[in-house]
Each structure stands twice: as structure tokens, then as C-alpha cells.
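Novice: Provided below: entry-v3.cif, containing mmCIF, N, CA and C atoms.
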```cif
data_query
loop_
_atom_site.label_atom_id
_atom_site.label_comp_id
_atom_site.auth_asym_id
_atom_site.auth_seq_id
_atom_site.Cartn_x
_atom_site.Cartn_y
_atom_site.Cartn_z
N MET A 29 107.92 83.16 121.18
CA MET A 29 108.44 84.21 120.33
C MET A 29 107.66 84.34 119.03
N PRO A 30 107.30 83.22 118.36
CA PRO A 30 106.56 83.37 117.11
C PRO A 30 105.24 84.13 117.29
N SER A 31 104.56 83.91 118.39
CA SER A 31 103.31 84.62 118.63
C SER A 31 103.56 86.12 118.70
N ASP A 32 104.64 86.52 119.36
CA ASP A 32 104.98 87.94 119.44
C ASP A 32 105.23 88.52 118.05
N SER A 33 105.87 87.75 117.19
CA SER A 33 106.14 88.21 115.83
C SER A 33 104.84 88.45 115.07
N HIS A 34 103.89 87.55 115.25
CA HIS A 34 102.60 87.71 114.57
C HIS A 34 101.85 88.91 115.11
N VAL A 35 101.92 89.13 116.40
CA VAL A 35 101.25 90.28 117.01
C VAL A 35 101.87 91.58 116.49
N ARG A 36 103.17 91.61 116.42
CA ARG A 36 103.86 92.82 115.92
C ARG A 36 103.49 93.09 114.46
N ALA A 37 103.44 92.05 113.66
CA ALA A 37 103.04 92.22 112.26
C ALA A 37 101.61 92.75 112.17
N ALA A 38 100.73 92.21 112.99
CA ALA A 38 99.33 92.67 112.99
C ALA A 38 99.23 94.13 113.40
N GLU A 39 100.05 94.55 114.36
CA GLU A 39 100.04 95.95 114.79
C GLU A 39 100.46 96.87 113.64
N PHE A 40 101.48 96.48 112.88
CA PHE A 40 101.90 97.29 111.73
C PHE A 40 100.81 97.34 110.67
N HIS A 41 100.12 96.21 110.47
CA HIS A 41 99.02 96.21 109.50
C HIS A 41 97.92 97.17 109.94
N GLU A 42 97.62 97.20 111.23
CA GLU A 42 96.61 98.12 111.75
C GLU A 42 97.04 99.58 111.58
N LEU A 43 98.31 99.86 111.85
CA LEU A 43 98.82 101.22 111.66
C LEU A 43 98.71 101.64 110.20
N ALA A 44 99.05 100.74 109.30
CA ALA A 44 98.96 101.05 107.88
C ALA A 44 97.51 101.31 107.48
N ALA A 45 96.60 100.48 107.96
CA ALA A 45 95.19 100.66 107.63
C ALA A 45 94.68 102.01 108.15
N HIS A 46 95.07 102.36 109.36
CA HIS A 46 94.66 103.64 109.93
C HIS A 46 95.18 104.80 109.07
N ALA A 47 96.43 104.73 108.69
CA ALA A 47 97.02 105.80 107.88
C ALA A 47 96.33 105.88 106.51
N HIS A 48 95.98 104.74 105.93
CA HIS A 48 95.26 104.74 104.65
C HIS A 48 93.89 105.40 104.80
N ARG A 49 93.20 105.09 105.90
CA ARG A 49 91.89 105.71 106.13
C ARG A 49 92.03 107.22 106.31
N ALA A 50 93.04 107.64 107.07
CA ALA A 50 93.27 109.07 107.30
C ALA A 50 93.59 109.78 105.99
N ALA A 51 94.39 109.14 105.15
CA ALA A 51 94.72 109.73 103.85
C ALA A 51 93.48 109.88 102.99
N SER A 52 92.63 108.86 103.01
CA SER A 52 91.41 108.90 102.22
C SER A 52 90.51 110.05 102.66
N VAL A 53 90.38 110.23 103.96
CA VAL A 53 89.55 111.33 104.48
C VAL A 53 90.12 112.67 104.04
N ARG A 54 91.41 112.83 104.16
CA ARG A 54 92.04 114.11 103.79
C ARG A 54 91.91 114.38 102.30
N HIS A 55 92.10 113.35 101.49
CA HIS A 55 91.95 113.55 100.05
C HIS A 55 90.50 113.91 99.72
N GLY A 56 89.56 113.30 100.41
CA GLY A 56 88.15 113.59 100.19
C GLY A 56 87.79 115.02 100.57
N LYS A 57 88.54 115.60 101.49
CA LYS A 57 88.29 116.98 101.92
C LYS A 57 89.15 117.97 101.13
N GLU A 58 89.76 117.47 100.05
CA GLU A 58 90.59 118.31 99.18
C GLU A 58 91.86 118.81 99.87
N ASP A 59 92.25 118.17 100.95
CA ASP A 59 93.49 118.52 101.65
C ASP A 59 94.57 117.56 101.17
N HIS A 60 95.02 117.79 99.93
CA HIS A 60 95.90 116.82 99.28
C HIS A 60 97.29 116.75 99.91
N GLN A 61 97.79 117.86 100.43
CA GLN A 61 99.12 117.82 101.05
C GLN A 61 99.11 116.90 102.27
N THR A 62 98.15 117.08 103.16
CA THR A 62 98.06 116.21 104.33
C THR A 62 97.74 114.79 103.91
N GLY A 63 96.87 114.64 102.92
CA GLY A 63 96.54 113.32 102.41
C GLY A 63 97.76 112.60 101.88
N ASN A 64 98.61 113.32 101.17
CA ASN A 64 99.84 112.72 100.64
C ASN A 64 100.78 112.31 101.77
N GLU A 65 100.83 113.11 102.82
CA GLU A 65 101.67 112.76 103.97
C GLU A 65 101.16 111.47 104.63
N HIS A 66 99.84 111.36 104.77
CA HIS A 66 99.25 110.15 105.34
C HIS A 66 99.49 108.95 104.43
N SER A 67 99.42 109.18 103.12
CA SER A 67 99.67 108.09 102.18
C SER A 67 101.11 107.59 102.30
N LYS A 68 102.03 108.51 102.43
CA LYS A 68 103.45 108.13 102.59
C LYS A 68 103.63 107.34 103.88
N GLN A 69 103.00 107.81 104.95
CA GLN A 69 103.10 107.12 106.24
C GLN A 69 102.48 105.72 106.14
N ALA A 70 101.37 105.62 105.42
CA ALA A 70 100.72 104.32 105.24
C ALA A 70 101.64 103.36 104.50
N MET A 71 102.32 103.84 103.50
CA MET A 71 103.25 102.97 102.76
C MET A 71 104.40 102.51 103.64
N GLU A 72 104.90 103.39 104.48
CA GLU A 72 105.98 103.03 105.40
C GLU A 72 105.51 101.94 106.38
N HIS A 73 104.30 102.13 106.92
CA HIS A 73 103.75 101.12 107.84
C HIS A 73 103.50 99.80 107.11
N SER A 74 103.05 99.89 105.87
CA SER A 74 102.80 98.67 105.09
C SER A 74 104.11 97.90 104.87
N ALA A 75 105.17 98.63 104.58
CA ALA A 75 106.47 97.97 104.37
C ALA A 75 106.95 97.30 105.66
N LYS A 76 106.77 97.99 106.79
CA LYS A 76 107.15 97.40 108.08
C LYS A 76 106.29 96.17 108.37
N ALA A 77 105.01 96.26 108.06
CA ALA A 77 104.11 95.13 108.29
C ALA A 77 104.52 93.93 107.45
N TYR A 78 104.90 94.19 106.20
CA TYR A 78 105.34 93.11 105.33
C TYR A 78 106.59 92.43 105.89
N ARG A 79 107.55 93.23 106.30
CA ARG A 79 108.79 92.66 106.86
C ARG A 79 108.50 91.88 108.14
N ALA A 80 107.63 92.43 108.99
CA ALA A 80 107.29 91.74 110.24
C ALA A 80 106.54 90.44 109.95
N SER A 81 105.69 90.44 108.93
CA SER A 81 104.96 89.22 108.56
C SER A 81 105.92 88.16 108.05
N GLN A 82 106.90 88.58 107.26
CA GLN A 82 107.89 87.64 106.76
C GLN A 82 108.68 87.01 107.91
N GLN A 83 109.05 87.83 108.88
CA GLN A 83 109.79 87.33 110.04
C GLN A 83 108.93 86.36 110.85
N ALA A 84 107.67 86.71 111.04
CA ALA A 84 106.76 85.83 111.79
C ALA A 84 106.61 84.50 111.07
N PHE A 85 106.52 84.54 109.75
CA PHE A 85 106.41 83.31 108.98
C PHE A 85 107.66 82.44 109.16
N LYS A 86 108.82 83.07 109.12
CA LYS A 86 110.07 82.32 109.31
C LYS A 86 110.11 81.66 110.68
N TRP A 87 109.71 82.40 111.71
CA TRP A 87 109.68 81.84 113.06
C TRP A 87 108.71 80.66 113.13
N SER A 88 107.54 80.81 112.54
CA SER A 88 106.54 79.75 112.57
C SER A 88 107.02 78.52 111.82
N ALA A 89 107.63 78.73 110.66
CA ALA A 89 108.15 77.61 109.88
C ALA A 89 109.25 76.88 110.63
N LYS A 90 110.12 77.63 111.27
CA LYS A 90 111.21 77.03 112.04
C LYS A 90 110.64 76.20 113.20
N LEU A 91 109.67 76.75 113.89
CA LEU A 91 109.05 76.05 115.02
C LEU A 91 108.36 74.77 114.54
N ALA A 92 107.62 74.86 113.44
CA ALA A 92 106.92 73.69 112.91
C ALA A 92 107.91 72.60 112.50
N LYS A 93 109.01 73.02 111.92
CA LYS A 93 110.03 72.06 111.50
C LYS A 93 110.63 71.35 112.72
N GLN A 94 110.91 72.11 113.76
CA GLN A 94 111.47 71.53 114.99
C GLN A 94 110.48 70.56 115.63
N GLN A 95 109.22 70.94 115.67
CA GLN A 95 108.20 70.08 116.26
C GLN A 95 108.02 68.81 115.45
N GLY A 96 108.12 68.92 114.14
CA GLY A 96 108.02 67.75 113.28
C GLY A 96 109.16 66.77 113.53
N LYS A 97 110.36 67.30 113.69
CA LYS A 97 111.52 66.45 113.99
C LYS A 97 111.35 65.76 115.33
N GLN A 98 110.84 66.49 116.32
CA GLN A 98 110.63 65.91 117.65
C GLN A 98 109.60 64.80 117.60
N ARG A 99 108.53 64.98 116.83
CA ARG A 99 107.50 63.95 116.72
C ARG A 99 108.05 62.69 116.05
N ARG A 100 108.84 62.89 114.99
CA ARG A 100 109.41 61.74 114.29
C ARG A 100 110.40 61.01 115.18
N ALA A 101 111.16 61.75 115.98
CA ALA A 101 112.14 61.14 116.87
C ALA A 101 111.46 60.37 118.01
N ALA A 102 110.27 60.81 118.41
CA ALA A 102 109.56 60.17 119.52
C ALA A 102 108.92 58.84 119.09
N LYS A 103 108.77 58.64 117.78
CA LYS A 103 108.11 57.40 117.30
C LYS A 103 109.02 56.22 117.36
#
```
Go through the file and emit its structure as C-alpha cells.

Specialist:
Amino acid sequence: MPSDSHVRAAEFHELAAHAHRAASVRHGKEDHQTGNEHSKQAMEHSAKAYRASQQAFKWSAKLAKQQGKQRRAAK
């Protein structure tokens, strides 16, 4: 499950990056309305990516803690 969380976070980061690039292109072509829409979408994807990254970190920390307990118990 933790691996899936990291993959999902990475996908949101990629979506955000794509939207940022699209916004940059539109702003460069003086199409500010579309550029602003892409910027808003990029921010939404960035927020989702942040939340997904936080969840992935929690899963990883929980797994590491469990594995540490198992190792100590095995000694």
C-alpha cells in the first residue's frame, strides 16, 4: 500500500507540473484567461499532490515503525 501512495503522489506532481507548463505557454502567448485557468488547475493539482505525499509519508513511517518493532522482537 505505501508504494501505491507514493505512485499516486507522483502522479499528482506530474499533473501539476503539466498544468504549470501549459499556463506558462498560454501566458507567453498573451492568452491570460486560459493561462489563469491553467494556473488555477496547477494549484489544485499541487494541493492534491501535497496531501497525497503527506499520506504516503505516514504510510511509510508506519511501516518502518512496524518493521523496527519486528526486528527488535526477533533479537

Novice: Return as JSON the centre and edge lengths, in Å with one decimal, of the box along x, y and z that encloses every atom of region 31-40 of chain A in the file, padded by 6 Å per side.

Specialist:
```
{"center_x": 102.7, "center_y": 90.6, "center_z": 115.1, "size_x": 18.9, "size_y": 25.4, "size_z": 20.8}
```

Novice: Suppose a student applies the PyMOL selection byres ((chain A and resi 63) around 7) to this structure; what residues should they get, written as a list in words?

Specialist: Ala50, Ala51, Ser52, Val53, Arg54, His55, Asp59, His60, Gln61, Thr62, Asn64, Glu65, His66, Ser67 and Lys68 of chain A

Novice: Kindly resolve the PyMOL selection byres ((chain A and resi 73) around 8) on the present coordinates and return the residues as a list in words.

Specialist: Glu39, Phe40, His41, Glu42, Leu43, Ala44, Ala45, Ser67, Lys68, Gln69, Ala70, Met71, Glu72, Ser74, Ala75, Lys76, Ala77, Tyr78 and Arg79 of chain A

Novice: What is the atom C of Val35 (chain A) to CA of Ala84 (chain A) distance in Å?

Specialist: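 Atom C of Val35 (chain A) sits 8.9 Å away from CA of Ala84 (chain A).
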
Novice: Mind pulling up the distance from CA of Trp87 (chain A) to CA of Asp32 (chain A)?

Specialist: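 Separation of CA of Asp32 (chain A) and CA of Trp87 (chain A): 10.0 Å.
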
Novice: What is the distance, in Å and to one decimal place, between atom N of Ala38 (chain A) and atom N of Ser88 (chain A)?

Specialist: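 One can read the atom N of Ala38 (chain A) to atom N of Ser88 (chain A) distance as 13.3 Å.
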
Novice: Measuring between only N, CA and C atoms, which one of A:Glu58, A:Arg99, A:His48, A:Ala80 shows the shortest distance to Arg36 (chain A)?

Specialist: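 Nearest candidate to Arg36 (chain A) out of A:Glu58, A:Arg99, A:His48, A:Ala80: A:Ala80.
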